[in-house]
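Q: Can you keep this structure in mind? I'll have questions shortly.
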Amino acid sequence: MLRVVSWNINGIRSPLQGAVCQESSNSATVTIGRILEQLDADIVCLQETKVTRDVLTEPLAIVEGYNSYFSFSRSRSGYSGVASFCKDSATPVAAEEGLTGLFATQDGKVGCYGNMDEFTQEELHALDSEGRALLTQHKICTREGKERTLTLINVYCPHVDPGKPERLTFKMRFYRLLQIRAEALLAAGSHVIILGDLNTAHCRIDHCDAVNLECFEEDPGRKWMDGLLGNLGCQAGSCVGPFIDSYRYFQPKKEGAFTCWSVVTGARHLNYGSRIDYVLGDRTLVMDTFQSSFLLPEVMGSDHCPVGAILNVSSVPAKQCPPLCTRFLPEFAGTQLKILRFLVPLEQEPVLEKSVLQLSHQSRVQKRQDKCNSRSTRPRPSQSALRRGQRNLTHFFQPSSRHPQTSPDLRLPSLPQVGTLMTPKIEEEAVVKVVEEQARASETKDEKNVLTSFWKSVLGGPSPVPLCGGHREPCVIRTVKKPGPNLGRRFYMCARPRGPPCDPSSRCNFFLWSRRS
């Protein structure tokens with residue numbers, strides 16, 4: 001059996017933060033290993049890793065028993081990115097970053113790019129610069145003992161921001177490029193699986209609020225998926241698209257099968273989300289080898305849940321990992337010199353260098369001895385000071401010769417002890433002074449309290465938190481972040497998580513603008 005799992009992890013370091021504080025120095029290795037162990041898959045494809053090569057650490061990149069492959073965003077730091085972790089028993093024969101082949105290495109590339117003449121070179125470079133696709137090609141053996149080629153395309157498709165309409169064009173061009181590459185691989189004789197976050201809910205059953213969305217079926221992303229996916233009820237050869245949604249192949253009418261929820265609204269508590277993560281396979285592969293397709297909503301750590309499938313095939317591992325494997329990166333392969341390398345003396349040194357070092361050592365020893373000899377012949381400070389007639393400390397307390405000497409009969413009056421200086425009159429004055437200071441402090445404090453009470457009565461303090469109309473519970477305050485006339489304004493709304501309107505335990509429609517300060 002071959003088990004593949006896909007998960008938009010929303011930052012490969014995010015699910016590890018809770019455990020890092022409690023683990024040892026190699027906690028990242030332990031935790032990512034536990035995640036892979038929990039997913040229990042031969043191939044794990046992660047999306048939205050949000051790491052670039054300069055911040056990728058060895059504990060995250062290299063896990064015992066796996067070989068990993070990363071695609072990084074070249075346009076922004078901490079953005080996008082995908083990664084594939086393959087067990088050593090499922091080592092790919094080839095691996096490639098991107099869909100265009102611009103970032104492919106000569107050795108170990110997957111190939112089969114199709115006709116991309118409709119794209120300019122600048123457009124191809126832009127589509128592949130965000131680290132949204134990673135290909136691994138494997139050898140599999142079917143139940144009949146036949147060896148086949150299987151190519152996995154790990155993708156994180158673009159999201160369309162309502163405030164950036166140009167991203168819709170970018171998304172549709174990425175979809176088009178993905179389809180061209182997948183169909184080219186199919187035409188070359190390879191089985192193909194497209195898995196990852198496609199950022200589009202295909203059918204109404206895949207969206208929690210499809211009824212309230214205008215022109216649901218007219219969305220460009222859904223139309224593209226209509227052309228990519230075939231109708232499950234038709235015969236082979238008469239379908240529109242060459243791929244099958246494996247989950248709907250096994251669960252065609254399953255409702256509430258969502259993979260993504262809003263964290264801000266807490267929609268996961270009531271399963272109010274959408275299914276935008278898929279495992280798509282070519283028709284022959286799904287119908288002949290797929291045993292099941294599943295969702296894992298119980299796995300936390302991201303705003304998405306993992307999805308996966310089990311194939312009734314066995315993997316034939318390659319003898320050596322492709323060059324794209326992270327263990328071959330100079331910073332992890334041990335070929336890059338570290339600063340400690342220059343601080344450790346070499347065991348074998350050249351004869352010339354050794355002689356030079358010996359001479360320099362002898363010269364330093366000789367200089368040190370000469371310096372010690374010169375110090376021994378130098379007179380001690382005390383002796384030389386005495387010879388120069390240096391005065392001791394008591395000399396400065398003797399009468400100076402420059403001032404006239406006082407008469408021996410004239411004696412200075414002896415000063416009384418400190419305790420004898422405090423007469424009753426002085427004590428009384430000190431007590432009165434302390435009492436006056438305490439009285440002034442008390443008056444100042446009373447005046448401050450009066451002023452505080454006055455201003456509180458004038459200003460009234462913050463308004464009490466209102467209660468929502470549906471549940472009579474304290475509301476939460478939010479801030480408008482959408483550009484427009486209300487940007488930055490604050491408002492109150494129901495504190496419960498978002499859910500179906502028919503569910504009384506979900507958020508009610510209460511809304512109230514906060515008073516401007």
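Residue numbering restarts at 1 in every chain; chains get A, B, ... in the order shown in the structure tokens, and ligands count up from 1 in that same order.
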DSSP on the backbone: what in region 186-219 of chain A comes out strand (DSSP E), as a ChimeraX atom specification?
A: /A:191-197
Q: When DSSP works through the backbone of this structure, what residues of region 142-217 of chain A end up as helix (DSSP H, G or I), shown as a PDB file with C-alpha atoms, in the first residue's frame?
A:
```pdb
ATOM      1  CA  GLU A 166      -4.908  41.454 -10.548  1.00  0.00           C
ATOM      2  CA  ARG A 167      -4.362  38.334  -8.439  1.00  0.00           C
ATOM      3  CA  LEU A 168      -7.337  36.687 -10.129  1.00  0.00           C
ATOM      4  CA  THR A 169      -5.477  36.847 -13.446  1.00  0.00           C
ATOM      5  CA  PHE A 170      -2.375  35.449 -11.757  1.00  0.00           C
ATOM      6  CA  LYS A 171      -4.397  32.602 -10.250  1.00  0.00           C
ATOM      7  CA  MET A 172      -6.031  31.647 -13.542  1.00  0.00           C
ATOM      8  CA  ARG A 173      -2.682  31.702 -15.360  1.00  0.00           C
ATOM      9  CA  PHE A 174      -1.241  29.445 -12.656  1.00  0.00           C
ATOM     10  CA  TYR A 175      -4.184  27.057 -13.121  1.00  0.00           C
ATOM     11  CA  ARG A 176      -3.558  27.000 -16.841  1.00  0.00           C
ATOM     12  CA  LEU A 177       0.140  26.288 -16.379  1.00  0.00           C
ATOM     13  CA  LEU A 178      -0.647  23.483 -13.916  1.00  0.00           C
ATOM     14  CA  GLN A 179      -3.055  21.847 -16.344  1.00  0.00           C
ATOM     15  CA  ILE A 180      -0.593  22.015 -19.249  1.00  0.00           C
ATOM     16  CA  ARG A 181       2.142  20.358 -17.179  1.00  0.00           C
ATOM     17  CA  ALA A 182      -0.141  17.646 -15.777  1.00  0.00           C
ATOM     18  CA  GLU A 183      -1.557  16.738 -19.182  1.00  0.00           C
ATOM     19  CA  ALA A 184       1.948  16.645 -20.680  1.00  0.00           C
ATOM     20  CA  LEU A 185       3.015  14.129 -18.035  1.00  0.00           C
ATOM     21  CA  LEU A 186      -0.069  12.035 -18.746  1.00  0.00           C
ATOM     22  CA  ALA A 187       0.694  12.096 -22.465  1.00  0.00           C
ATOM     23  CA  ARG A 204     -21.931  23.739  -3.672  1.00  0.00           C
ATOM     24  CA  ILE A 205     -21.620  20.750  -1.395  1.00  0.00           C
ATOM     25  CA  ASP A 206     -18.001  21.786  -0.779  1.00  0.00           C
ATOM     26  CA  ALA A 210     -22.822  28.489  -1.219  1.00  0.00           C
ATOM     27  CA  VAL A 211     -26.506  29.523  -1.147  1.00  0.00           C
ATOM     28  CA  ASN A 212     -25.626  33.116  -0.272  1.00  0.00           C
ATOM     29  CA  PHE A 216     -21.429  30.424  -7.500  1.00  0.00           C
ATOM     30  CA  GLU A 217     -21.008  28.288 -10.620  1.00  0.00           C
TER      31      GLU A 217
END
```
Q: Which neighbours of Asp288 (chain A) fall inside 12 Å, counting only C-alpha atoms, when residues of the same chain fewer than 6 positions from it are skipped, and could you give them as an NGL selection string?
A: :A and (142-144 or 191 or 246 or 281-282 or 310-313)
Q: Residues near Arg248 (chain A), anyone? I mean within 12 Å using only C-alpha atoms, not counting same-chain ones fewer than 6 positions away, as an MDAnalysis selection string.
A: chainID A and resid 202:203 205:206 229:233 254:255 257 275 278:281 286 292:295 309
Q: Please provide as a VMD selection string all residues within 7 Å of Ser129 (chain A), with the sequence filter that same-chain residues fewer than 3 positions apart are discarded (counting only C-alpha atoms).
A: chain A and resid 73 to 75 125 to 126
Q: Go ahead and save the residues from that selection, with N, CA and C atoms, as a PDB file, in the first residue's frame.
A:
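Below is the file that was written, out_35.pdb:
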```
ATOM      1  N   SER A  73       9.788  30.559  -1.921  1.00  0.00           N
ATOM      2  CA  SER A  73       9.369  31.786  -2.590  1.00  0.00           C
ATOM      3  C   SER A  73      10.595  32.654  -2.836  1.00  0.00           C
ATOM      4  N   ARG A  74      10.750  33.103  -4.061  1.00  0.00           N
ATOM      5  CA  ARG A  74      11.859  33.978  -4.416  1.00  0.00           C
ATOM      6  C   ARG A  74      11.454  35.447  -4.469  1.00  0.00           C
ATOM      7  N   SER A  75      10.187  35.718  -4.277  1.00  0.00           N
ATOM      8  CA  SER A  75       9.699  37.094  -4.371  1.00  0.00           C
ATOM      9  C   SER A  75       9.482  37.735  -3.010  1.00  0.00           C
ATOM     10  N   HIS A 125       8.439  33.063 -15.328  1.00  0.00           N
ATOM     11  CA  HIS A 125       9.310  33.287 -14.171  1.00  0.00           C
ATOM     12  C   HIS A 125       8.502  33.777 -12.975  1.00  0.00           C
ATOM     13  N   ALA A 126       7.534  34.663 -13.223  1.00  0.00           N
ATOM     14  CA  ALA A 126       6.707  35.175 -12.127  1.00  0.00           C
ATOM     15  C   ALA A 126       5.835  34.073 -11.523  1.00  0.00           C
TER      16      ALA A 126
END
```
Q: Between A:Leu134, A:Leu198, A:Ala90, A:Val307, single out the one closest to Tyr156 (chain A), counting only C-alpha atoms.
A: A:Leu198
Q: Suppose you want the space between CA of Trp261 (chain A) and CA of Asn10 (chain A); what is it in Å?
A: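 Computed distance, CA of Trp261 (chain A) to CA of Asn10 (chain A), equals 12.3 Å.
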Q: Within 9 Å of Leu102 (chain A), counting only C-alpha atoms, which residues qualify if same-chain residues fewer than 2 places away don't, as a PyMOL selection string?
A: chain A and resi 97-100+104-105+124-125+128
Q: Can you write just those residues out, N, CA and C atoms, as a PDB file, in the first residue's frame?
A:
```pdb
ATOM      1  N   GLU A  97      11.620  21.513  -8.923  1.00  0.00           N
ATOM      2  CA  GLU A  97      10.955  22.667  -8.329  1.00  0.00           C
ATOM      3  C   GLU A  97      10.281  23.486  -9.412  1.00  0.00           C
ATOM      4  N   GLY A  98       8.990  23.759  -9.230  1.00  0.00           N
ATOM      5  CA  GLY A  98       8.262  24.585 -10.173  1.00  0.00           C
ATOM      6  C   GLY A  98       7.620  23.798 -11.295  1.00  0.00           C
ATOM      7  N   LEU A  99       6.789  24.513 -12.075  1.00  0.00           N
ATOM      8  CA  LEU A  99       6.063  23.904 -13.189  1.00  0.00           C
ATOM      9  C   LEU A  99       6.682  24.212 -14.545  1.00  0.00           C
ATOM     10  N   THR A 100       7.509  25.245 -14.617  1.00  0.00           N
ATOM     11  CA  THR A 100       7.989  25.718 -15.914  1.00  0.00           C
ATOM     12  C   THR A 100       9.297  25.083 -16.355  1.00  0.00           C
ATOM     13  N   ALA A 104      14.721  23.952 -12.787  1.00  0.00           N
ATOM     14  CA  ALA A 104      15.071  22.529 -12.763  1.00  0.00           C
ATOM     15  C   ALA A 104      16.572  22.353 -12.980  1.00  0.00           C
ATOM     16  N   THR A 105      17.148  21.378 -12.287  1.00  0.00           N
ATOM     17  CA  THR A 105      18.549  21.017 -12.502  1.00  0.00           C
ATOM     18  C   THR A 105      18.636  20.021 -13.642  1.00  0.00           C
ATOM     19  N   LEU A 124       6.278  33.268 -17.062  1.00  0.00           N
ATOM     20  CA  LEU A 124       6.665  31.965 -16.532  1.00  0.00           C
ATOM     21  C   LEU A 124       7.520  32.127 -15.281  1.00  0.00           C
ATOM     22  N   HIS A 125       8.439  33.063 -15.328  1.00  0.00           N
ATOM     23  CA  HIS A 125       9.310  33.287 -14.171  1.00  0.00           C
ATOM     24  C   HIS A 125       8.502  33.777 -12.975  1.00  0.00           C
ATOM     25  N   ASP A 128       6.452  30.937 -11.299  1.00  0.00           N
ATOM     26  CA  ASP A 128       7.243  29.959 -10.557  1.00  0.00           C
ATOM     27  C   ASP A 128       8.066  30.573  -9.437  1.00  0.00           C
TER      28      ASP A 128
END
```
Q: For Pro322 (chain A), which residue out of A:Ala267, A:Val93, A:Ile193, A:Met493 is the nearest one, using only C-alpha atoms?
A: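 Nearest to Pro322 (chain A): A:Val93.
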Q: Excluding His138 (chain A) and residues on its chain fewer than 3 positions from it, collect all residues at most 9 Å away from it, counting only C-alpha atoms, and give them as a list of chain:residue names.
A: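 Listing them by chain and then by number gives A:Ala90, A:Thr91, A:Pro92, A:Val93, A:Ala94, A:Arg148, A:Thr149, A:Leu150, A:Thr151, A:Leu152, A:Ser315, A:Val316, A:Pro317, A:Ala318.
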